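All remarks here apply to the structure that follows.
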Amino acid sequence: MSECIFCKIIEGEIPAERVYEDEDVVAFLDANPLAEGHTLVVPREHVERVSDLDPDLAGRYFRPVPEIAGAVQEAVGADGATMAWNEGSAAGQEVPHAHLHIVPRWDSDRHGPIHALFQAQGEVEVDEAGLAQSVRAELQAARA
Ligand code: AMP
Ligand code: ZN
């Protein structure tokens, strides 16, 4: 039996307020919402990171996201939403089962963009051409 809390929710072993489900995806309300309507969208398959998803599952995982994101915003009368995956503990991922956070936002909420997370660090020096070449090489190696 899985020790993963989100697998337990998917399997119905622990309760959650589910808002959407299909063959591949379950979405439910976050138990400690950052804002009213904060929703998590998870693949049924236990995959820790978005970067571990195979392309077919990734497509099926993302397919309902626009519809869910729209419904969540409508339900709480939001003006927008911040949507993000925390990928790995370095990024603050606590539950090791990939989950998209949909956090409703309002023009008046003053939380700022996701960039606000990084403002304290100041400018980051980047060799853009070298870095882009490295990413392209990694993508090519992953596809070989
Ligand atoms: P992360 O830090 O990206 O791993 O986010 C984990 C999220 O899961 C947090 O926002 C928690 O509030 C949420 N969470 C943890 N346990 C539960 C649960 N049993 N039901 C719903 N949400 C949960
Ligand atoms: Zn899991």
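Identifiers in the structure tokens: chain A, B, ... in order shown; residue index from 1 per chain; ligand index from 1 in order shown.
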query: Excluding same-chain residues fewer than 2 positions from His46 in chain A, what lies within 9 Å of it counting only C-alpha atoms, as a ChimeraX atom specification?
result: /A:4,6-7,42-44,48,96-98
message: as a VMD selection string, please: the residues near range 12-27 of chain A (cut-off 8 Å, only C-alpha atoms, same-chain neighbours under 6 positions excluded).
response: chain A and resid 5 39 to 45 57 60 to 61 68
Closest contacts (chain A/ligand 1, max 7 Å, only C-alpha atoms and all ligand atoms) as JSON lines:
```
{"residue": "A:Ile5", "atom": "CA", "partner": "ligand 1", "partner_atom_place_in_ligand_line": "19 (N)", "distance": 6.3}
{"residue": "A:Ala16", "atom": "CA", "partner": "ligand 1", "partner_atom_place_in_ligand_line": "20 (N)", "distance": 5.6}
{"residue": "A:Phe28", "atom": "CA", "partner": "ligand 1", "partner_atom_place_in_ligand_line": "21 (C)", "distance": 6.9}
{"residue": "A:Leu29", "atom": "CA", "partner": "ligand 1", "partner_atom_place_in_ligand_line": "21 (C)", "distance": 6.0}
{"residue": "A:Asp30", "atom": "CA", "partner": "ligand 1", "partner_atom_place_in_ligand_line": "22 (N)", "distance": 3.8}
{"residue": "A:Ala31", "atom": "CA", "partner": "ligand 1", "partner_atom_place_in_ligand_line": "21 (C)", "distance": 3.9}
{"residue": "A:Asn32", "atom": "CA", "partner": "ligand 1", "partner_atom_place_in_ligand_line": "12 (O)", "distance": 4.0}
{"residue": "A:Pro33", "atom": "CA", "partner": "ligand 1", "partner_atom_place_in_ligand_line": "12 (O)", "distance": 6.1}
{"residue": "A:Trp85", "atom": "CA", "partner": "ligand 1", "partner_atom_place_in_ligand_line": "3 (O)", "distance": 6.4}
{"residue": "A:Asn86", "atom": "CA", "partner": "ligand 1", "partner_atom_place_in_ligand_line": "3 (O)", "distance": 4.7}
{"residue": "A:Gly92", "atom": "CA", "partner": "ligand 1", "partner_atom_place_in_ligand_line": "2 (O)", "distance": 5.2}
{"residue": "A:Gln93", "atom": "CA", "partner": "ligand 1", "partner_atom_place_in_ligand_line": "4 (O)", "distance": 3.7}
{"residue": "A:Glu94", "atom": "CA", "partner": "ligand 1", "partner_atom_place_in_ligand_line": "4 (O)", "distance": 3.5}
{"residue": "A:Val95", "atom": "CA", "partner": "ligand 1", "partner_atom_place_in_ligand_line": "4 (O)", "distance": 3.9}
{"residue": "A:Pro96", "atom": "CA", "partner": "ligand 1", "partner_atom_place_in_ligand_line": "4 (O)", "distance": 6.5}
{"residue": "A:His99", "atom": "CA", "partner": "ligand 1", "partner_atom_place_in_ligand_line": "3 (O)", "distance": 6.8}
```
- prompt: Do you have the CA of Ile102 in chain A-CA of Gly37 in chain A distance handy?
  reply: 8.0 Å
message: What parts of chain A does DSSP call helix (DSSP H, G or I)? I'd like the answer as a ChimeraX atom specification.
response: /A:5-10,50-52,55-62,65-76,89-91,114-121,128-143
Computed interatomic separation between CA of Gly80 in chain A and CA of Val47 in chain A (Å):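 CA of Gly80 in chain A sits 27.8 Å away from CA of Val47 in chain A.
As for CA of Ala35 in chain A and CA of Ala58 in chain A, they are spaced 26.4 Å apart.
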Backbone-only DSSP, strand (DSSP E or B) members of chain A, as a CSV table (one decimal) with C-alpha atoms, in the first residue's frame:
```
chain,number,residue,atom,x,y,z
A,18,ARG,CA,-12.5,16.4,-5.3
A,19,VAL,CA,-13.4,18.9,-8.0
A,20,TYR,CA,-12.4,16.9,-11.1
A,21,GLU,CA,-11.4,13.4,-12.1
A,25,VAL,CA,-6.0,13.0,-13.5
A,26,VAL,CA,-7.6,14.0,-10.1
A,27,ALA,CA,-8.0,17.6,-8.9
A,28,PHE,CA,-8.9,18.4,-5.3
A,29,LEU,CA,-8.9,21.4,-3.0
A,39,THR,CA,-6.7,23.5,-6.1
A,40,LEU,CA,-4.1,20.8,-6.8
A,41,VAL,CA,-4.1,18.8,-10.0
A,42,VAL,CA,-2.3,15.5,-9.8
A,43,PRO,CA,-1.7,12.6,-12.2
A,80,GLY,CA,-6.7,35.4,-12.4
A,81,ALA,CA,-4.6,32.6,-10.9
A,82,THR,CA,-1.0,31.8,-10.2
A,83,MET,CA,-0.3,28.2,-11.4
A,84,ALA,CA,2.9,26.4,-10.5
A,100,LEU,CA,0.0,21.6,-10.1
A,101,HIS,CA,-1.0,24.4,-7.7
A,102,ILE,CA,-3.9,26.6,-9.0
A,103,VAL,CA,-4.0,29.6,-6.7
A,104,PRO,CA,-6.8,32.1,-7.5
A,105,ARG,CA,-5.7,35.7,-7.6
```
field: Which of A:Arg49, A:His38, A:His111, A:Arg63 sits closest to ligand 2 [using only C-alpha atoms and all ligand atoms]
entry: A:Arg49
Closest of A:Pro55, A:Val50, A:Gln121, A:Ser108 to Asp79 in chain A - atom-to-atom distances counting only C-alpha atoms: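 Among the listed residues, A:Ser108 lies closest to Asp79 in chain A.
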task: Measuring atom to atom with only C-alpha atoms, identify which of A:Ala142, A:Ala69, A:Ile9, A:Ala78 is nearest to Asp109 in chain A.
output: A:Ala78
